[in-house]
file input-v6.csv (CSV, C-alpha atoms)
chain,number,residue,atom,x,y,z
F,296,MET,CA,0.0,0.0,0.0
F,297,ASN,CA,1.4,3.4,-1.0
F,298,ILE,CA,1.4,6.4,1.3
F,299,SER,CA,-1.8,7.8,-0.2
F,300,GLY,CA,-3.7,4.6,0.3
F,301,LEU,CA,-2.3,4.4,3.9
F,302,ALA,CA,-3.6,7.9,4.6
F,303,PHE,CA,-7.1,7.0,3.2
F,304,GLY,CA,-7.2,3.7,5.0
F,305,ALA,CA,-6.2,5.2,8.4
F,306,ALA,CA,-8.7,8.1,8.2
F,307,PHE,CA,-11.5,5.8,7.1
F,308,THR,CA,-10.8,3.2,9.8
F,309,LEU,CA,-10.6,5.9,12.6
F,310,SER,CA,-13.8,7.5,11.3
F,311,VAL,CA,-15.7,4.2,11.4
F,312,LEU,CA,-14.5,3.2,14.8
F,313,LEU,CA,-14.3,6.5,16.8
F,314,PRO,CA,-18.1,6.9,17.0
F,315,PHE,CA,-18.1,3.9,19.4
F,316,ALA,CA,-16.3,6.1,21.8
F,317,VAL,CA,-17.8,9.5,20.9
F,318,ARG,CA,-21.5,8.4,21.0
F,319,PRO,CA,-21.5,7.7,24.8
F,320,LEU,CA,-19.9,11.1,25.4
F,321,LEU,CA,-22.6,12.9,23.3
F,322,VAL,CA,-25.3,11.0,25.1
F,323,LYS,CA,-23.8,12.0,28.4
F,324,LEU,CA,-23.7,15.7,27.3
F,325,GLY,CA,-27.2,15.5,26.1
F,326,ILE,CA,-26.3,16.7,22.6
F,327,VAL,CA,-29.6,15.9,20.8
F,328,ASP,CA,-31.2,17.6,17.8
F,329,VAL,CA,-34.8,18.2,18.7
F,330,PRO,CA,-37.1,18.8,15.6
F,331,ASN,CA,-38.4,22.3,14.9
F,332,HIS,CA,-40.1,24.1,12.1
F,333,ARG,CA,-37.0,24.2,9.9
F,334,SER,CA,-35.9,20.6,10.6
F,335,SER,CA,-36.2,17.9,7.9
F,336,HIS,CA,-36.4,15.0,10.5
F,337,GLU,CA,-39.4,14.1,12.7
F,338,ARG,CA,-37.8,12.7,15.9
F,339,PRO,CA,-34.9,13.6,18.2
F,340,VAL,CA,-31.6,12.5,16.8
F,341,LEU,CA,-28.2,12.5,18.4
F,342,ARG,CA,-26.0,15.2,16.9
F,343,GLY,CA,-22.3,16.1,17.2
F,344,LEU,CA,-20.9,12.8,15.7
F,345,GLY,CA,-18.9,15.0,13.4
F,346,LEU,CA,-16.5,15.1,16.3
F,347,ALA,CA,-15.4,11.6,15.3
F,348,VAL,CA,-14.7,12.9,11.7
F,349,LEU,CA,-12.8,15.9,13.1
F,350,ILE,CA,-10.6,13.7,15.3
F,351,ALA,CA,-9.9,11.2,12.5
F,352,VAL,CA,-9.0,13.8,9.9
F,353,VAL,CA,-6.9,16.0,12.2
F,354,ALA,CA,-5.1,13.0,13.7
F,355,VAL,CA,-4.1,11.5,10.3
F,356,GLU,CA,-3.2,14.8,8.7
F,357,ALA,CA,-1.1,15.7,11.8
F,358,CYS,CA,0.7,12.3,11.6
F,359,PHE,CA,1.5,12.7,7.9
F,360,THR,CA,2.7,16.3,8.4
F,361,TRP,CA,5.0,15.2,11.1
F,362,LEU,CA,6.3,12.3,9.0
F,363,ALA,CA,6.9,14.6,6.0
F,364,PHE,CA,8.8,17.2,8.1
F,365,SER,CA,10.9,14.3,9.6
F,366,LEU,CA,11.8,13.1,6.2
F,367,GLU,CA,12.1,16.5,4.4
F,368,PRO,CA,12.6,19.3,7.0
F,369,ALA,CA,12.9,21.9,4.3
F,370,GLY,CA,9.8,20.8,2.4
F,371,ALA,CA,7.7,24.0,2.3
F,372,ASP,CA,4.7,22.3,0.6
F,373,TRP,CA,3.8,20.3,3.7
F,374,ARG,CA,3.4,23.5,5.7
F,375,PHE,CA,0.3,24.0,3.6
F,376,LEU,CA,-1.1,20.7,4.9
F,377,LEU,CA,-0.2,21.8,8.5
F,378,THR,CA,-2.2,25.1,8.0
F,379,VAL,CA,-5.2,23.2,6.6
F,380,THR,CA,-5.0,20.8,9.6
F,381,LEU,CA,-4.9,23.6,12.2
F,382,ALA,CA,-7.7,25.5,10.4
F,383,THR,CA,-9.9,22.4,10.3
F,384,LEU,CA,-9.3,21.8,14.0
F,385,ALA,CA,-10.1,25.4,14.9
F,386,ALA,CA,-13.3,25.4,12.8
F,387,GLY,CA,-14.4,22.1,14.3
F,388,LEU,CA,-13.8,23.2,17.9
F,389,LEU,CA,-15.9,26.3,17.2
F,390,GLY,CA,-18.7,24.1,16.0
F,391,LEU,CA,-18.3,21.8,19.1
F,392,SER,CA,-18.6,24.8,21.4
F,393,GLU,CA,-21.8,25.7,19.6
F,394,ASP,CA,-23.1,22.1,20.0
F,395,ILE,CA,-22.3,22.0,23.7
F,396,ARG,CA,-23.4,25.3,25.0
F,397,GLY,CA,-24.2,27.7,22.2
F,398,LEU,CA,-22.4,31.0,21.5
F,399,SER,CA,-23.7,34.5,21.0
F,400,VAL,CA,-23.7,35.7,17.4
F,401,PRO,CA,-21.0,38.4,18.0
F,402,ILE,CA,-18.6,35.9,19.6
F,403,ARG,CA,-19.2,33.2,17.0
F,404,SER,CA,-18.7,35.7,14.2
F,405,ALA,CA,-15.5,37.1,15.8
F,406,VAL,CA,-14.0,33.6,16.2
F,407,LEU,CA,-15.0,32.6,12.7
F,408,LEU,CA,-13.4,35.7,11.2
F,409,ALA,CA,-10.3,35.1,13.3
F,410,ILE,CA,-10.0,31.5,12.0
F,411,ALA,CA,-10.4,32.7,8.4
F,412,ALA,CA,-7.9,35.6,8.9
F,413,GLY,CA,-5.3,33.4,10.5
F,414,SER,CA,-5.6,30.7,7.9
F,415,ALA,CA,-5.5,33.2,5.0
F,416,LEU,CA,-2.5,35.1,6.4
F,417,ALA,CA,-0.5,31.9,7.1
F,418,LEU,CA,-1.2,30.6,3.6
F,419,LEU,CA,-0.3,33.9,1.9
F,420,VAL,CA,3.0,34.1,3.9
F,421,LEU,CA,3.8,30.5,2.8
F,422,ALA,CA,2.9,31.1,-0.8
F,423,ARG,CA,4.8,34.4,-0.9
F,424,ALA,CA,8.0,32.5,0.3
F,425,THR,CA,7.6,29.7,-2.2
F,426,ASP,CA,8.8,30.1,-5.8
F,427,ARG,CA,6.8,27.8,-8.0
F,428,GLY,CA,7.7,29.2,-11.4
F,429,ALA,CA,4.9,29.0,-14.0
F,430,VAL,CA,1.6,28.1,-12.4
F,431,GLN,CA,-2.0,28.0,-13.4
F,432,GLY,CA,-3.3,29.4,-10.2
F,433,ILE,CA,-2.2,32.6,-8.4
F,434,ASP,CA,1.5,33.2,-8.0
F,435,ALA,CA,1.6,35.0,-4.7
F,436,ALA,CA,5.4,35.5,-4.9
F,437,THR,CA,5.0,38.0,-7.8
F,438,LEU,CA,2.0,39.9,-6.6
F,439,PRO,CA,2.3,43.5,-5.4
F,440,VAL,CA,1.4,44.4,-1.8
F,441,TRP,CA,-2.0,45.9,-2.7
F,442,ALA,CA,-2.9,42.7,-4.6
F,443,LEU,CA,-1.9,40.6,-1.6
F,444,ALA,CA,-4.1,42.8,0.7
F,445,ALA,CA,-7.0,42.4,-1.6
F,446,LEU,CA,-6.5,38.6,-1.8
F,447,PHE,CA,-6.4,38.5,2.0
F,448,VAL,CA,-9.7,40.3,2.3
F,449,TYR,CA,-11.2,37.9,-0.3
F,450,ALA,CA,-9.9,34.9,1.5
F,451,VAL,CA,-11.3,36.0,4.9
F,452,LEU,CA,-14.7,36.5,3.3
F,453,PHE,CA,-14.5,33.3,1.3
F,454,ILE,CA,-13.4,31.0,4.1
F,455,SER,CA,-15.8,32.4,6.8
F,456,SER,CA,-18.7,32.4,4.3
F,457,TYR,CA,-18.2,28.8,3.3
F,458,ILE,CA,-18.1,27.6,6.9
F,459,ASN,CA,-21.5,29.2,7.3
F,460,VAL,CA,-22.7,27.8,3.9
F,461,ALA,CA,-21.7,24.2,5.0
F,462,ASN,CA,-23.6,24.8,8.2
F,463,PHE,CA,-26.7,26.0,6.3
F,464,MET,CA,-26.6,23.0,4.0
F,465,ASP,CA,-26.4,20.4,6.7
F,466,GLY,CA,-30.0,19.5,7.0
F,467,LEU,CA,-30.5,16.0,5.5
F,468,ASN,CA,-29.0,12.6,6.2
F,469,GLY,CA,-26.1,12.0,3.9
F,470,ILE,CA,-25.7,15.5,2.5
F,471,SER,CA,-22.6,16.5,4.5
F,472,GLY,CA,-21.0,13.1,4.2
F,473,LEU,CA,-21.4,12.9,0.5
F,474,HIS,CA,-20.2,16.5,0.1
F,475,GLY,CA,-17.0,15.8,2.1
F,476,LEU,CA,-16.4,12.6,0.1
F,477,ILE,CA,-16.8,14.3,-3.3
F,478,ALA,CA,-14.9,17.5,-2.3
F,479,GLY,CA,-12.0,15.5,-0.8
F,480,LEU,CA,-11.7,13.3,-3.9
F,481,ALA,CA,-11.8,16.3,-6.2
F,482,PHE,CA,-9.0,18.0,-4.2
F,483,ALA,CA,-7.0,14.7,-4.3
F,484,ALA,CA,-7.4,14.6,-8.1
F,485,ALA,CA,-6.3,18.2,-8.4
F,486,GLY,CA,-3.2,17.4,-6.2
F,487,TRP,CA,-2.4,14.4,-8.4
F,488,LEU,CA,-2.8,16.5,-11.6
F,489,SER,CA,-0.6,19.3,-10.3
F,490,GLY,CA,2.0,17.1,-8.7
F,491,GLN,CA,1.3,18.2,-5.1
F,492,HIS,CA,1.5,15.4,-2.6
F,493,TRP,CA,0.2,17.4,0.3
F,494,LEU,CA,-3.0,18.2,-1.6
F,495,VAL,CA,-3.5,14.5,-2.5
F,496,ILE,CA,-3.2,13.6,1.2
F,497,ALA,CA,-5.4,16.4,2.4
F,498,GLY,CA,-8.1,15.4,-0.1
F,499,LEU,CA,-8.0,11.7,0.5
F,500,VAL,CA,-8.1,12.1,4.3
F,501,LEU,CA,-11.1,14.5,4.1
F,502,ALA,CA,-12.9,12.0,1.7
F,503,ALA,CA,-12.1,9.0,3.9
F,504,GLY,CA,-13.2,10.8,7.1
F,505,TRP,CA,-16.6,11.6,5.7
F,506,ALA,CA,-16.9,8.2,4.0
F,507,GLY,CA,-16.4,6.5,7.4
F,508,PHE,CA,-19.1,8.7,8.9
F,509,LEU,CA,-21.8,7.9,6.3
F,510,PRO,CA,-22.8,4.5,7.7
F,511,TRP,CA,-23.4,6.0,11.1
F,512,ASN,CA,-25.4,8.8,9.6
F,513,LEU,CA,-27.5,6.7,7.2
F,514,THR,CA,-28.4,3.7,9.4
F,515,LYS,CA,-30.8,3.5,12.3
F,516,PRO,CA,-30.9,5.0,14.9
F,517,GLY,CA,-28.7,7.5,13.0
F,518,ALA,CA,-26.8,10.5,14.1
F,519,PHE,CA,-26.1,14.0,12.8
F,520,PRO,CA,-22.7,15.6,12.3
F,521,GLY,CA,-23.8,18.6,14.3
F,522,ASP,CA,-22.1,22.0,14.2
F,523,VAL,CA,-18.8,20.4,15.0
F,524,GLY,CA,-19.1,18.4,11.7
F,525,SER,CA,-20.5,21.1,9.5
F,526,TYR,CA,-18.1,23.8,10.7
F,527,MET,CA,-15.2,21.3,10.3
F,528,LEU,CA,-16.4,20.4,6.8
F,529,GLY,CA,-16.7,24.0,5.7
F,530,GLY,CA,-13.4,25.0,7.2
F,531,ALA,CA,-11.5,22.0,5.7
F,532,VAL,CA,-13.0,22.5,2.2
F,533,ALA,CA,-12.6,26.3,2.1
F,534,VAL,CA,-9.0,26.5,3.4
F,535,THR,CA,-7.9,23.5,1.2
F,536,SER,CA,-9.4,25.3,-1.7
F,537,PHE,CA,-7.6,28.6,-1.0
F,538,ALA,CA,-4.3,26.8,-0.4
F,539,ALA,CA,-4.7,24.9,-3.6
F,540,LEU,CA,-5.3,28.2,-5.5
F,541,LEU,CA,-2.1,29.6,-4.0
F,542,THR,CA,0.0,26.6,-4.9
F,543,GLY,CA,-0.8,26.6,-8.6
F,544,VAL,CA,-4.1,24.8,-9.1
F,545,PRO,CA,-6.4,26.4,-11.6
F,546,VAL,CA,-9.1,28.5,-9.9
F,547,LEU,CA,-12.0,26.5,-11.4
F,548,ALA,CA,-10.6,23.3,-10.0
F,549,THR,CA,-10.4,24.8,-6.5
F,550,ILE,CA,-14.0,26.0,-6.5
F,551,GLY,CA,-15.7,23.2,-8.4
F,552,PRO,CA,-16.8,21.2,-5.3
F,553,MET,CA,-18.2,24.4,-3.8
F,554,VAL,CA,-20.3,25.8,-6.6
F,555,ILE,CA,-23.6,24.0,-5.9
F,556,TYR,CA,-23.4,24.7,-2.1
F,557,PHE,CA,-22.7,28.4,-2.7
F,558,GLY,CA,-25.3,28.5,-5.4
F,559,ASP,CA,-28.0,26.9,-3.2
F,560,VAL,CA,-27.4,29.3,-0.3
F,561,GLY,CA,-26.8,32.4,-2.4
F,562,THR,CA,-29.9,32.1,-4.5
F,563,THR,CA,-32.1,31.1,-1.5
F,564,LEU,CA,-31.0,34.2,0.5
F,565,VAL,CA,-31.5,36.5,-2.5
F,566,LYS,CA,-35.1,35.1,-3.0
F,567,ARG,CA,-35.8,35.6,0.7
F,568,VAL,CA,-34.6,39.2,0.8
F,569,ARG,CA,-36.5,40.1,-2.3
F,570,ALA,CA,-39.6,38.6,-0.7
F,571,GLY,CA,-39.2,40.8,2.3
F,572,HIS,CA,-38.0,38.1,4.7
F,573,LYS,CA,-35.1,38.4,7.1
F,574,TRP,CA,-32.1,36.5,5.6
F,575,ASP,CA,-31.1,35.0,8.9
F,576,GLU,CA,-34.5,33.7,9.9
F,577,PRO,CA,-34.8,29.9,10.1
F,578,HIS,CA,-36.5,28.5,7.0
F,579,LYS,CA,-36.8,25.4,4.8
F,580,GLU,CA,-36.4,27.0,1.3
F,581,HIS,CA,-33.1,25.6,0.1
F,582,ALA,CA,-33.4,23.5,-3.0
F,583,TYR,CA,-32.3,20.3,-1.1
F,584,GLN,CA,-35.1,21.0,1.5
F,585,ARG,CA,-37.7,21.6,-1.2
F,586,LEU,CA,-36.7,18.2,-2.8
F,587,GLN,CA,-37.2,16.5,0.5
F,588,GLN,CA,-40.5,18.2,1.0
F,589,LEU,CA,-41.8,16.6,-2.2
F,590,GLY,CA,-41.7,13.3,-0.3
F,591,MET,CA,-38.3,12.3,-1.6
F,592,PRO,CA,-36.2,10.2,0.9
F,593,HIS,CA,-33.3,12.0,2.5
F,594,LEU,CA,-30.7,10.0,0.7
F,595,ALA,CA,-32.3,10.6,-2.7
F,596,ALA,CA,-32.4,14.4,-2.1
F,597,SER,CA,-28.8,14.3,-0.8
F,598,GLY,CA,-27.8,12.2,-3.8
F,599,ILE,CA,-29.2,14.8,-6.2
F,600,ASN,CA,-27.1,17.5,-4.5
F,601,ALA,CA,-24.1,15.2,-4.6
F,602,GLY,CA,-24.6,14.4,-8.3
F,603,PHE,CA,-24.6,18.1,-9.2
F,604,THR,CA,-21.5,18.7,-7.0
F,605,LEU,CA,-19.7,15.8,-8.7
F,606,ALA,CA,-20.5,17.3,-12.1
F,607,ALA,CA,-19.3,20.8,-11.1
F,608,SER,CA,-16.1,19.2,-9.6
F,609,ALA,CA,-15.5,17.4,-12.9
F,610,LEU,CA,-15.9,20.7,-14.8
F,611,GLY,CA,-13.4,22.3,-12.5
F,612,LEU,CA,-10.9,19.5,-13.0
F,613,ALA,CA,-11.4,19.8,-16.8
F,614,SER,CA,-9.6,23.2,-16.6
F,615,PHE,CA,-6.3,21.3,-16.2
F,616,PHE,CA,-6.7,20.0,-19.8
F,617,VAL,CA,-7.8,23.1,-21.7
F,618,GLU,CA,-6.4,26.5,-22.4
F,619,PRO,CA,-7.5,29.3,-20.0
F,620,ILE,CA,-9.6,30.9,-22.8
F,621,TRP,CA,-11.9,27.8,-22.5
F,622,TRP,CA,-12.3,28.3,-18.7
F,623,LEU,CA,-15.1,30.8,-19.5
F,624,VAL,CA,-17.0,28.0,-21.2
F,625,LEU,CA,-16.5,25.7,-18.2
F,626,LEU,CA,-17.6,28.5,-15.9
F,627,ALA,CA,-20.8,29.0,-17.9
F,628,LEU,CA,-21.5,25.3,-17.7
F,629,GLY,CA,-20.9,25.4,-13.9
F,630,LEU,CA,-23.4,28.3,-13.6
F,631,ALA,CA,-25.8,26.3,-15.8
F,632,LEU,CA,-25.5,23.4,-13.3
F,633,VAL,CA,-26.5,25.8,-10.5
F,634,VAL,CA,-29.6,26.9,-12.4
F,635,ALA,CA,-30.5,23.3,-13.3
F,636,TYR,CA,-30.1,22.2,-9.6
F,637,GLN,CA,-32.4,25.0,-8.5
F,638,LEU,CA,-35.0,23.9,-11.0
F,639,MET,CA,-35.0,20.3,-9.8
F,640,PRO,CA,-37.7,20.6,-7.1
F,641,ARG,CA,-40.1,22.1,-9.8
F,642,LEU,CA,-39.1,19.5,-12.4
F,643,LEU,CA,-39.6,16.6,-10.0
F,644,ALA,CA,-42.8,17.9,-8.4
F,645,ASN,CA,-45.0,15.7,-10.6
F,646,LYS,CA,-43.0,12.6,-9.6
F,647,PHE,CA,-43.9,13.2,-6.0
F,648,PRO,CA,-47.4,14.6,-6.0
F,649,ALA,CA,-48.6,16.2,-2.7

call {"tool": "encode", "arguments": {"input": "input-v6.csv", "output": "structure tokens"}}
result
Amino acid sequence: MNISGLAFGAAFTLSVLLPFAVRPLLVKLGIVDVPNHRSSHERPVLRGLGLAVLIAVVAVEACFTWLAFSLEPAGADWRFLLTVTLATLAAGLLGLSEDIRGLSVPIRSAVLLAIAAGSALALLVLARATDRGAVQGIDAATLPVWALAALFVYAVLFISSYINVANFMDGLNGISGLHGLIAGLAFAAAGWLSGQHWLVIAGLVLAAGWAGFLPWNLTKPGAFPGDVGSYMLGGAVAVTSFAALLTGVPVLATIGPMVIYFGDVGTTLVKRVRAGHKWDEPHKEHAYQRLQQLGMPHLAASGINAGFTLAASALGLASFFVEPIWWLVLLALGLALVVAYQLMPRLLANKFPA
């Protein structure tokens, strides 16, 4: 078994086994999701099992980072994996705090921005110090200071926003697990195509962690990832995406796994604001929720979301094989996927009559 297979196997095994230890802790703490008017489930369900995924992913990434530094102390690339690991841990712990006792909006927002700012700054410093020659992504080593400042602001908004997006989208059995699996595999493929071993490991470990969680999520009595899982997922995906961009991966390949999630949340919030509703009020108007409200099983609705995410990820990876002028076509196709995904509840309404 090569090092990539070992990383995947270790993360998957830990993610499958750790819930045996984590579940009793969650029960003792009373971390249970009680249904309310925005819930897509009908009975209380244990939540917070994303803690097992967090431990599995962070532990394996930390071990491989330590091993890489031991074998190649001057290897700068593995510092990107270290930054991703620390950001994933910080985002997950913020979500765990929310699960256990809840946090005020100002405190949660401040910590979220701090995680995003710290991650963005660390990645920009690393990228600035790394000469990669000709790259398809952003070459931070050649950017003027004003461009770096603008990129920092973008990264803070991008990372903090996606952590919230992943939290908004965690409302069905299977949706977060499938998203983590697909995003992780997409990043691993991007790492392989760009020759970046740290990105391959980061992607495979993320994919394996969520793959190991799926059986716990999809079988009775079931369990939700909770805020610890959704925050961890959003943080890992967003920070890995930004790190990949700074290390030479084409921009479309870095955002491909995120297009459908961003599209669902963005279009839903715009519709609510235009209708005169408060954007932050609890609701059940996301496309994945409307699919489930048709009478579609959770896994089927989550599978549709995952299918569109897989297609968008494939379009992003296609940018490795075409000239940049064709990226506009790939981008247009990605936006068409967002539109098609938003239309799915309407198109399938006759299949599931009220």

call {"tool": "residues_around", "arguments": {"input": "input-v6.csv", "residues": "stretch 476-486 of chain F", "least_positions_apart": "6", "cutoff": "9 Å", "atoms": "all atoms listed in the file", "output": "PDB file with C-alpha atoms, in the frame of the given file"}}
result
ATOM      1  CA  HIS F 492       1.500  15.400  -2.600  1.00  0.00           C
ATOM      2  CA  TRP F 493       0.200  17.400   0.300  1.00  0.00           C
ATOM      3  CA  LEU F 494      -3.000  18.200  -1.600  1.00  0.00           C
ATOM      4  CA  VAL F 495      -3.500  14.500  -2.500  1.00  0.00           C
ATOM      5  CA  ILE F 496      -3.200  13.600   1.200  1.00  0.00           C
ATOM      6  CA  ALA F 497      -5.400  16.400   2.400  1.00  0.00           C
ATOM      7  CA  GLY F 498      -8.100  15.400  -0.100  1.00  0.00           C
ATOM      8  CA  LEU F 499      -8.000  11.700   0.500  1.00  0.00           C
ATOM      9  CA  VAL F 500      -8.100  12.100   4.300  1.00  0.00           C
ATOM     10  CA  LEU F 501     -11.100  14.500   4.100  1.00  0.00           C
ATOM     11  CA  ALA F 502     -12.900  12.000   1.700  1.00  0.00           C
ATOM     12  CA  ALA F 503     -12.100   9.000   3.900  1.00  0.00           C
ATOM     13  CA  GLY F 504     -13.200  10.800   7.100  1.00  0.00           C
ATOM     14  CA  TRP F 505     -16.600  11.600   5.700  1.00  0.00           C
ATOM     15  CA  ALA F 506     -16.900   8.200   4.000  1.00  0.00           C
ATOM     16  CA  VAL F 532     -13.000  22.500   2.200  1.00  0.00           C
ATOM     17  CA  THR F 535      -7.900  23.500   1.200  1.00  0.00           C
ATOM     18  CA  SER F 536      -9.400  25.300  -1.700  1.00  0.00           C
ATOM     19  CA  ALA F 539      -4.700  24.900  -3.600  1.00  0.00           C
ATOM     20  CA  VAL F 544      -4.100  24.800  -9.100  1.00  0.00           C
ATOM     21  CA  PRO F 545      -6.400  26.400 -11.600  1.00  0.00           C
ATOM     22  CA  ALA F 548     -10.600  23.300 -10.000  1.00  0.00           C
ATOM     23  CA  THR F 549     -10.400  24.800  -6.500  1.00  0.00           C
ATOM     24  CA  GLY F 551     -15.700  23.200  -8.400  1.00  0.00           C
ATOM     25  CA  PRO F 552     -16.800  21.200  -5.300  1.00  0.00           C
ATOM     26  CA  MET F 553     -18.200  24.400  -3.800  1.00  0.00           C
ATOM     27  CA  ALA F 601     -24.100  15.200  -4.600  1.00  0.00           C
ATOM     28  CA  THR F 604     -21.500  18.700  -7.000  1.00  0.00           C
ATOM     29  CA  LEU F 605     -19.700  15.800  -8.700  1.00  0.00           C
ATOM     30  CA  SER F 608     -16.100  19.200  -9.600  1.00  0.00           C
ATOM     31  CA  ALA F 609     -15.500  17.400 -12.900  1.00  0.00           C
ATOM     32  CA  GLY F 611     -13.400  22.300 -12.500  1.00  0.00           C
ATOM     33  CA  LEU F 612     -10.900  19.500 -13.000  1.00  0.00           C
ATOM     34  CA  PHE F 615      -6.300  21.300 -16.200  1.00  0.00           C
TER      35      PHE F 615
END

call {"tool": "closest_residue", "arguments": {"input": "input-v6.csv", "among": "F:Lys515, F:Arg396, F:His474, F:Arg423", "to": "F:Leu341", "atoms": "only C-alpha atoms"}}
result
F:Lys515

call {"tool": "residues_around", "arguments": {"input": "input-v6.csv", "residues": "F:Thr563", "least_positions_apart": "3", "cutoff": "9 Å", "atoms": "only C-alpha atoms", "output": "VMD selection string"}}
result
chain F and resid 558 to 560 566 to 568 574 580 to 582

call {"tool": "closest_atom_pairs", "arguments": {"input": "input-v6.csv", "of": "stretch 444-557 of chain F", "to": "stretch 616-636 of chain F", "cutoff": "10 Å", "atoms": "all atoms listed in the file", "output": "Markdown table"}}
result
| residue | atom | partner | partner_atom | distance |
| --- | --- | --- | --- | --- |
| F:Leu488 | CA | F:Phe616 | CA | 9.7 |
| F:Pro545 | CA | F:Pro619 | CA | 9.0 |
| F:Val546 | CA | F:Trp622 | CA | 9.4 |
| F:Leu547 | CA | F:Leu626 | CA | 7.5 |
| F:Gly551 | CA | F:Gly629 | CA | 7.9 |
| F:Val554 | CA | F:Val633 | CA | 7.3 |
| F:Ile555 | CA | F:Val633 | CA | 5.7 |
| F:Tyr556 | CA | F:Val633 | CA | 9.0 |
| F:Phe557 | CA | F:Val633 | CA | 9.1 |

call {"tool": "closest_residue", "arguments": {"input": "input-v6.csv", "among": "F:Ala442, F:Val352, F:Val322, F:Phe508", "to": "F:Leu473", "atoms": "only C-alpha atoms"}}
result
F:Phe508

call {"tool": "atom_distance", "arguments": {"input": "input-v6.csv", "atom1": "atom CA of F:Ala354", "atom2": "atom CA of F:Ala306"}}
result
8.2 Å

call {"tool": "residues_around", "arguments": {"input": "input-v6.csv", "residues": "F:Ala538", "least_positions_apart": "2", "cutoff": "9 Å", "atoms": "only C-alpha atoms", "output": "PyMOL selection string"}}
result
chain F and resi 375-376+378-379+415+418-419+422+494+533-536+540-544+549

call {"tool": "atom_distance", "arguments": {"input": "input-v6.csv", "atom1": "atom CA of F:Gly561", "atom2": "atom CA of F:Gly472"}}
result
21.2 Å

call {"tool": "residues_around", "arguments": {"input": "input-v6.csv", "residues": "stretch 380-388 of chain F", "least_positions_apart": "4", "cutoff": "7 Å", "atoms": "all atoms listed in the file", "output": "ChimeraX atom specification"}}
result
/F:349,353,356-357,376,392,410,414,523-524,526-527,530-531

call {"tool": "atom_distance", "arguments": {"input": "input-v6.csv", "atom1": "atom CA of F:Leu408", "atom2": "atom CA of F:Asp522"}}
result
16.5 Å

call {"tool": "closest_residue", "arguments": {"input": "input-v6.csv", "among": "F:Asp372, F:Glu393, F:Asp465, F:Asp434", "to": "F:Pro520", "atoms": "all atoms listed in the file"}}
result
F:Asp465

call {"tool": "residues_near_point", "arguments": {"input": "input-v6.csv", "point": "(-5.5, 36.1, 7.6)", "cutoff": "12 Å", "atoms": "only C-alpha atoms", "output": "PyMOL selection string"}}
result
chain F and resi 378+382+407-421+443-455+534+537

call {"tool": "closest_residue", "arguments": {"input": "input-v6.csv", "among": "F:Asn645, F:Ser365, F:Asn297, F:Ser404", "to": "F:Gly590", "atoms": "all atoms listed in the file"}}
result
F:Asn645

call {"tool": "residues_around", "arguments": {"input": "input-v6.csv", "residues": "F:Gly469", "least_positions_apart": "5", "cutoff": "7 Å", "atoms": "all atoms listed in the file", "output": "PyMOL selection string"}}
result
chain F and resi 509+512-513+594+597

call {"tool": "closest_residue", "arguments": {"input": "input-v6.csv", "among": "F:Val460, F:Ala435, F:Leu610, F:Leu638", "to": "F:Leu586", "atoms": "only C-alpha atoms"}}
result
F:Leu638

call {"tool": "closest_residue", "arguments": {"input": "input-v6.csv", "among": "F:Met639, F:Val355, F:Ala405, F:Ala595", "to": "F:Leu301", "atoms": "all atoms listed in the file"}}
result
F:Val355

call {"tool": "build_atoms", "arguments": {"input": "input-v6.csv", "residues": "stretch 617-624 of chain F", "atoms": "N, CA, C and O atoms", "output": "PDB file, in the frame of the given file"}}
result
ATOM      1  N   VAL F 617      -7.453  22.165 -20.661  1.00  0.00           N
ATOM      2  CA  VAL F 617      -7.800  23.100 -21.700  1.00  0.00           C
ATOM      3  C   VAL F 617      -7.073  24.433 -21.489  1.00  0.00           C
ATOM      4  O   VAL F 617      -6.661  24.741 -20.363  1.00  0.00           O
ATOM      5  N   GLU F 618      -6.960  25.210 -22.529  1.00  0.00           N
ATOM      6  CA  GLU F 618      -6.400  26.500 -22.400  1.00  0.00           C
ATOM      7  C   GLU F 618      -7.270  27.448 -21.587  1.00  0.00           C
ATOM      8  O   GLU F 618      -8.503  27.275 -21.605  1.00  0.00           O
ATOM      9  N   PRO F 619      -6.690  28.415 -20.886  1.00  0.00           N
ATOM     10  CA  PRO F 619      -7.500  29.300 -20.000  1.00  0.00           C
ATOM     11  C   PRO F 619      -8.654  29.998 -20.757  1.00  0.00           C
ATOM     12  O   PRO F 619      -9.663  30.311 -20.128  1.00  0.00           O
ATOM     13  N   ILE F 620      -8.525  30.222 -22.048  1.00  0.00           N
ATOM     14  CA  ILE F 620      -9.600  30.900 -22.800  1.00  0.00           C
ATOM     15  C   ILE F 620     -10.892  30.058 -22.689  1.00  0.00           C
ATOM     16  O   ILE F 620     -12.003  30.596 -22.733  1.00  0.00           O
ATOM     17  N   TRP F 621     -10.748  28.731 -22.554  1.00  0.00           N
ATOM     18  CA  TRP F 621     -11.900  27.800 -22.500  1.00  0.00           C
ATOM     19  C   TRP F 621     -12.487  27.762 -21.075  1.00  0.00           C
ATOM     20  O   TRP F 621     -13.541  27.144 -20.884  1.00  0.00           O
ATOM     21  N   TRP F 622     -11.803  28.360 -20.109  1.00  0.00           N
ATOM     22  CA  TRP F 622     -12.300  28.300 -18.700  1.00  0.00           C
ATOM     23  C   TRP F 622     -13.643  29.080 -18.650  1.00  0.00           C
ATOM     24  O   TRP F 622     -14.473  28.768 -17.798  1.00  0.00           O
ATOM     25  N   LEU F 623     -13.829  30.077 -19.524  1.00  0.00           N
ATOM     26  CA  LEU F 623     -15.100  30.800 -19.500  1.00  0.00           C
ATOM     27  C   LEU F 623     -16.259  29.870 -19.891  1.00  0.00           C
ATOM     28  O   LEU F 623     -17.359  29.987 -19.342  1.00  0.00           O
ATOM     29  N   VAL F 624     -15.993  28.944 -20.792  1.00  0.00           N
ATOM     30  CA  VAL F 624     -17.000  28.000 -21.200  1.00  0.00           C
ATOM     31  C   VAL F 624     -17.330  27.050 -19.983  1.00  0.00           C
ATOM     32  O   VAL F 624     -18.494  26.763 -19.672  1.00  0.00           O
TER      33      VAL F 624
END
